[in-house]
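Participant: Just input-v4.tsv, nothing more (TSV, C-alpha atoms and all ligand atoms):
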```
chain	number	residue	atom	x	y	z
A	1	MET	CA	97.00	113.18	118.40
A	2	SER	CA	98.35	111.27	121.42
A	3	GLU	CA	99.90	107.88	120.82
A	4	ASP	CA	97.16	106.22	122.87
A	5	LEU	CA	94.46	107.82	120.76
A	6	GLU	CA	96.26	106.82	117.59
A	7	ILE	CA	96.40	103.21	118.81
A	8	LEU	CA	92.69	103.25	119.63
A	9	ARG	CA	91.75	104.74	116.29
A	10	HIS	CA	94.00	102.47	114.25
A	11	SER	CA	92.84	99.36	116.15
A	12	THR	CA	89.25	100.38	115.45
A	13	ALA	CA	90.12	100.53	111.75
A	14	HIS	CA	91.18	96.86	111.99
A	15	VAL	CA	87.84	96.00	113.60
A	16	MET	CA	85.99	97.84	110.84
A	17	ALA	CA	87.91	95.92	108.18
A	18	ALA	CA	87.22	92.65	109.99
A	19	ALA	CA	83.51	93.48	110.07
A	20	VAL	CA	83.49	94.43	106.38
A	21	LEU	CA	85.21	91.20	105.35
A	22	ASP	CA	82.80	89.15	107.48
A	23	LEU	CA	79.81	90.80	105.82
A	24	PHE	CA	81.18	91.32	102.32
A	25	PRO	CA	83.59	88.50	101.47
A	26	GLY	CA	85.78	89.36	98.52
A	27	THR	CA	86.26	92.98	99.50
A	28	VAL	CA	89.81	94.08	98.75
A	29	ILE	CA	91.46	95.99	101.57
A	30	GLY	CA	94.16	98.65	101.34
A	31	ILE	CA	95.41	100.49	104.40
A	32	GLY	CA	93.69	101.65	107.56
A	33	PRO	CA	95.47	104.47	109.37
A	34	ALA	CA	94.36	106.71	112.20
A	35	THR	CA	93.68	110.29	111.17
A	36	ASP	CA	93.18	113.56	113.06
A	37	GLU	CA	89.43	113.04	112.67
A	38	GLY	CA	89.29	109.34	113.49
A	39	PHE	CA	90.36	106.64	111.11
A	40	TYR	CA	89.65	105.18	107.71
A	41	TYR	CA	90.20	102.00	105.81
A	42	ASP	CA	90.45	101.72	102.03
A	43	PHE	CA	88.01	99.16	100.68
A	44	GLY	CA	87.43	97.89	97.20
A	45	PHE	CA	83.88	96.53	97.42
A	46	LYS	CA	82.70	94.05	94.81
A	47	GLU	CA	79.36	95.81	94.71
A	48	ARG	CA	78.43	99.34	95.62
A	49	LEU	CA	77.94	99.80	99.33
A	50	LEU	CA	74.51	101.17	100.17
A	51	PRO	CA	73.87	103.57	103.07
A	52	GLU	CA	71.47	101.10	104.66
A	53	GLN	CA	74.32	98.59	104.92
A	54	LEU	CA	76.35	100.85	107.22
A	55	PRO	CA	74.38	99.90	110.37
A	56	LYS	CA	75.16	96.25	109.63
A	57	ILE	CA	78.87	97.04	109.63
A	58	GLU	CA	78.47	98.94	112.90
A	59	ALA	CA	76.56	96.05	114.45
A	60	ARG	CA	79.24	93.56	113.40
A	61	MET	CA	81.94	95.86	114.83
A	62	ARG	CA	80.08	95.92	118.15
A	63	GLU	CA	79.95	92.10	118.16
A	64	ILE	CA	83.71	91.90	117.57
A	65	ILE	CA	84.29	94.44	120.35
A	66	LYS	CA	81.95	92.56	122.70
A	67	ALA	CA	83.80	89.32	121.96
A	68	ALA	CA	87.02	91.12	122.99
A	69	LEU	CA	88.96	89.32	120.25
A	70	PRO	CA	92.70	89.61	120.87
A	71	PHE	CA	95.11	91.26	118.43
A	72	THR	CA	97.85	88.70	117.98
A	73	LYS	CA	101.17	89.45	116.30
A	74	GLU	CA	103.11	87.09	114.04
A	75	GLU	CA	106.33	87.49	112.13
A	76	LEU	CA	106.30	85.65	108.81
A	77	PRO	CA	109.00	85.13	106.23
A	78	ARG	CA	108.27	87.52	103.39
A	79	THR	CA	107.44	84.73	100.94
A	80	ASP	CA	104.99	83.16	103.41
A	81	ALA	CA	103.31	86.53	103.92
A	82	VAL	CA	102.91	86.95	100.15
A	83	ALA	CA	101.43	83.44	99.91
A	84	LEU	CA	99.06	84.17	102.79
A	85	PHE	CA	97.67	87.35	101.26
A	86	GLU	CA	97.45	85.71	97.83
A	87	ARG	CA	95.40	82.94	99.42
A	88	LEU	CA	93.20	85.60	101.05
A	89	HIS	CA	92.76	87.35	97.67
A	90	GLN	CA	94.24	90.59	98.98
A	91	PRO	CA	96.37	91.91	96.09
A	92	LEU	CA	96.98	95.31	97.69
A	93	LYS	CA	98.57	93.63	100.71
A	94	VAL	CA	100.80	91.64	98.36
A	95	GLU	CA	101.82	94.94	96.74
A	96	LEU	CA	102.46	96.50	100.12
A	97	ILE	CA	104.77	93.64	101.04
A	98	ALA	CA	106.69	94.24	97.82
A	99	ASP	CA	106.85	98.00	98.47
A	100	LYS	CA	107.26	98.29	102.22
A	101	VAL	CA	108.71	95.14	103.68
A	102	ILE	CA	112.38	95.79	103.40
A	103	ASP	CA	113.72	93.01	105.56
A	104	ALA	CA	113.15	89.28	105.38
A	105	THR	CA	110.12	89.16	107.64
A	106	ALA	CA	106.67	90.66	107.44
A	107	ARG	CA	104.63	91.43	110.53
A	108	ILE	CA	101.00	90.53	110.55
A	109	TYR	CA	98.24	90.89	113.11
A	110	ARG	CA	95.22	88.66	113.49
A	111	THR	CA	91.91	89.57	115.09
A	112	GLY	CA	89.70	86.50	114.89
A	113	ASP	CA	89.72	85.47	111.24
A	114	PHE	CA	90.90	88.89	110.10
A	115	VAL	CA	94.55	89.12	109.06
A	116	ASP	CA	96.35	92.38	108.36
A	117	LEU	CA	99.83	93.33	107.28
A	118	CYS	CA	100.74	95.89	109.90
A	119	LEU	CA	103.54	97.09	112.14
A	120	GLY	CA	101.20	97.94	115.01
A	121	PRO	CA	100.93	98.76	117.79
A	122	HIS	CA	97.32	97.95	118.65
A	123	VAL	CA	95.23	97.48	121.74
A	124	ALA	CA	95.61	94.04	123.32
A	125	ASN	CA	92.05	93.08	122.47
A	126	ALA	CA	89.02	94.56	120.75
A	127	GLY	CA	87.17	94.77	124.06
A	128	LEU	CA	89.24	97.85	124.87
A	129	LEU	CA	87.66	99.76	121.99
A	130	GLY	CA	84.60	101.86	122.49
A	131	ALA	CA	83.08	104.72	120.60
A	132	PHE	CA	83.76	104.69	116.90
A	133	ARG	CA	80.87	106.43	115.25
A	134	ASN	CA	81.24	110.08	114.40
A	135	ASN	CA	77.80	111.62	114.39
A	136	SER	CA	78.98	115.01	113.26
A	137	THR	CA	78.19	116.17	109.77
A	138	PRO	CA	81.19	116.13	107.44
A	139	THR	CA	82.34	119.61	106.50
B	201	ZN	ZN	97.38	97.72	112.47
```
What would the structure in this file look like if it were written as structure tokens?
Facilitator:
Amino acid sequence: MSEDLEILRHSTAHVMAAAVLDLFPGTVIGIGPATDEGFYYDFGFKERLLPEQLPKIEARMREIIKAALPFTKEELPRTDAVALFERLHQPLKVELIADKVIDATARIYRTGDFVDLCLGPHVANAGLLGAFRNNSTPT
């Protein structure tokens, strides 16, 4: 996978998580890496996600992409980052800070209201993202 493709895929994972949190507040998020096939994001939904809800997530992703929301980077003191993700009710992010943030600062990225603990890099804004739906049948 080229670095550019990895950046596109990973940035799209952020947009998917942003869409999911907009539509399903209270969802707990894990990590969202690029993969050889595309990308994924770990979600802990409060209620079971139904297949008919997937088009809503896609539609919200398209709105975020159309709005070309920027990915903005911030460096936060570790304790502030923990407080932020506690306030956002994201316990897995708090755990990740404990496990992965080895120096005094944690890097976060914002896309609209969505906040993620992440080293990046990402696209400059969501408007640079395009196709994200894989229509092939899983094997
Ligand atoms: Zn990221």
Participant: Ligand ZN 201 (chain B): which residues are within 12 Å, counting only C-alpha atoms and all ligand atoms? Reply as JSON, numbers by chain.
Facilitator: {"A": [6, 7, 8, 9, 10, 11, 12, 13, 14, 15, 16, 17, 18, 30, 31, 32, 33, 34, 39, 40, 41, 71, 72, 73, 107, 108, 109, 110, 111, 114, 115, 116, 117, 118, 119, 120, 121, 122, 123, 124]}
Participant: Filtering to C-alpha atoms, could you give me those residues as an mmCIF file, in the frame of the given file?
Facilitator:
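Wrote it out as part.cif, contents follow:
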```cif
data_model
loop_
_atom_site.group_PDB
_atom_site.id
_atom_site.type_symbol
_atom_site.label_atom_id
_atom_site.label_comp_id
_atom_site.auth_asym_id
_atom_site.auth_seq_id
_atom_site.Cartn_x
_atom_site.Cartn_y
_atom_site.Cartn_z
ATOM 1 C CA GLU A 6 96.260 106.820 117.590
ATOM 2 C CA ILE A 7 96.400 103.210 118.810
ATOM 3 C CA LEU A 8 92.690 103.250 119.630
ATOM 4 C CA ARG A 9 91.750 104.740 116.290
ATOM 5 C CA HIS A 10 94.000 102.470 114.250
ATOM 6 C CA SER A 11 92.840 99.360 116.150
ATOM 7 C CA THR A 12 89.250 100.380 115.450
ATOM 8 C CA ALA A 13 90.120 100.530 111.750
ATOM 9 C CA HIS A 14 91.180 96.860 111.990
ATOM 10 C CA VAL A 15 87.840 96.000 113.600
ATOM 11 C CA MET A 16 85.990 97.840 110.840
ATOM 12 C CA ALA A 17 87.910 95.920 108.180
ATOM 13 C CA ALA A 18 87.220 92.650 109.990
ATOM 14 C CA GLY A 30 94.160 98.650 101.340
ATOM 15 C CA ILE A 31 95.410 100.490 104.400
ATOM 16 C CA GLY A 32 93.690 101.650 107.560
ATOM 17 C CA PRO A 33 95.470 104.470 109.370
ATOM 18 C CA ALA A 34 94.360 106.710 112.200
ATOM 19 C CA PHE A 39 90.360 106.640 111.110
ATOM 20 C CA TYR A 40 89.650 105.180 107.710
ATOM 21 C CA TYR A 41 90.200 102.000 105.810
ATOM 22 C CA PHE A 71 95.110 91.260 118.430
ATOM 23 C CA THR A 72 97.850 88.700 117.980
ATOM 24 C CA LYS A 73 101.170 89.450 116.300
ATOM 25 C CA ARG A 107 104.630 91.430 110.530
ATOM 26 C CA ILE A 108 101.000 90.530 110.550
ATOM 27 C CA TYR A 109 98.240 90.890 113.110
ATOM 28 C CA ARG A 110 95.220 88.660 113.490
ATOM 29 C CA THR A 111 91.910 89.570 115.090
ATOM 30 C CA PHE A 114 90.900 88.890 110.100
ATOM 31 C CA VAL A 115 94.550 89.120 109.060
ATOM 32 C CA ASP A 116 96.350 92.380 108.360
ATOM 33 C CA LEU A 117 99.830 93.330 107.280
ATOM 34 C CA CYS A 118 100.740 95.890 109.900
ATOM 35 C CA LEU A 119 103.540 97.090 112.140
ATOM 36 C CA GLY A 120 101.200 97.940 115.010
ATOM 37 C CA PRO A 121 100.930 98.760 117.790
ATOM 38 C CA HIS A 122 97.320 97.950 118.650
ATOM 39 C CA VAL A 123 95.230 97.480 121.740
ATOM 40 C CA ALA A 124 95.610 94.040 123.320
#
```
Participant: Quick one, how far is atom CA of Val94 of chain A from atom CA of Lys46 of chain A?
Facilitator: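 That distance, rounded to one decimal, is 18.6 Å.
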Participant: Any idea what the distance is between atom CA of His89 of chain A and atom CA of Met61 of chain A?
Facilitator: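 Rounded to one decimal, the two atoms are 22.0 Å apart.
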Participant: Please report the interatomic distance between atom CA of Leu50 of chain A and atom CA of Glu63 of chain A in Å with one decimal.
Facilitator: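 Straight-line distance from atom CA of Leu50 of chain A to atom CA of Glu63 of chain A works out to 20.9 Å.
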Participant: Go through A:Ile29, A:Leu54, A:Ala104, A:Ile65 one by one, measure the shortest atom-to-atom distance of each to Leu92 of chain A using all atoms listed in the file, and give the residue with the smallest value.
Facilitator: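 The shortest atom-to-atom distance to Leu92 of chain A comes from A:Ile29.
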Participant: Which of these residues is nearest to Asp113 of chain A, using only C-alpha atoms: A:Met1, A:Ala98, A:Ala67, A:Leu21?
Facilitator: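 Using only C-alpha atoms, Asp113 of chain A sits closest to A:Leu21.
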Participant: Step by step: start from the point (109.4, 90.9, 104.0) in the file's coordinates, keep every protein, DNA or RNA residue that has an atom no farther than 10 Å from it, count only C-alpha atoms, and write the set as a list of chain:residue names.
Facilitator: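 Counting only C-alpha atoms, I find these residues within 10 Å of (109.4, 90.9, 104.0): A:Glu75, A:Leu76, A:Pro77, A:Arg78, A:Thr79, A:Asp80, A:Ala81, A:Val82, A:Leu96, A:Ile97, A:Ala98, A:Asp99, A:Lys100, A:Val101, A:Ile102, A:Asp103, A:Ala104, A:Thr105, A:Ala106, A:Arg107.
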Participant: Would you list the contacts of Lys66 of chain A as a PyMOL selection string, taking every protein, DNA or RNA residue within 12 Å and counting all atoms listed in the file, but skipping same-chain residues closer than 6 positions in sequence?
Facilitator: chain A and resi 15+59-60+125-130
Participant: Which residue, A:Leu5, A:Val28, A:Leu88, A:Leu69, has the smallest gap to Phe45 of chain A when you use all atoms listed in the file?
Facilitator: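 Distance minimum relative to Phe45 of chain A lands on A:Val28.
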Participant: Could you give me the axis-aligned bounding box of segment 26-42 of chain A, with 4 Å of padding per side, as centre plus edge lengths in Å to one decimal, as lines of an AutoDock Vina configuration file?
Facilitator:
```
center_x = 90.6
center_y = 101.5
center_z = 106.0
size_x = 17.7
size_y = 32.2
size_z = 23.0
```
Participant: For each of A:Ala68, A:Pro25, A:Val20, A:Glu3, take the minimum atom-to-atom distance to Asp42 of chain A, counting only C-alpha atoms, then give the residue where this is smallest.
Facilitator: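 Looking only at the distances to Asp42 of chain A, the closest residue turns out to be A:Val20.
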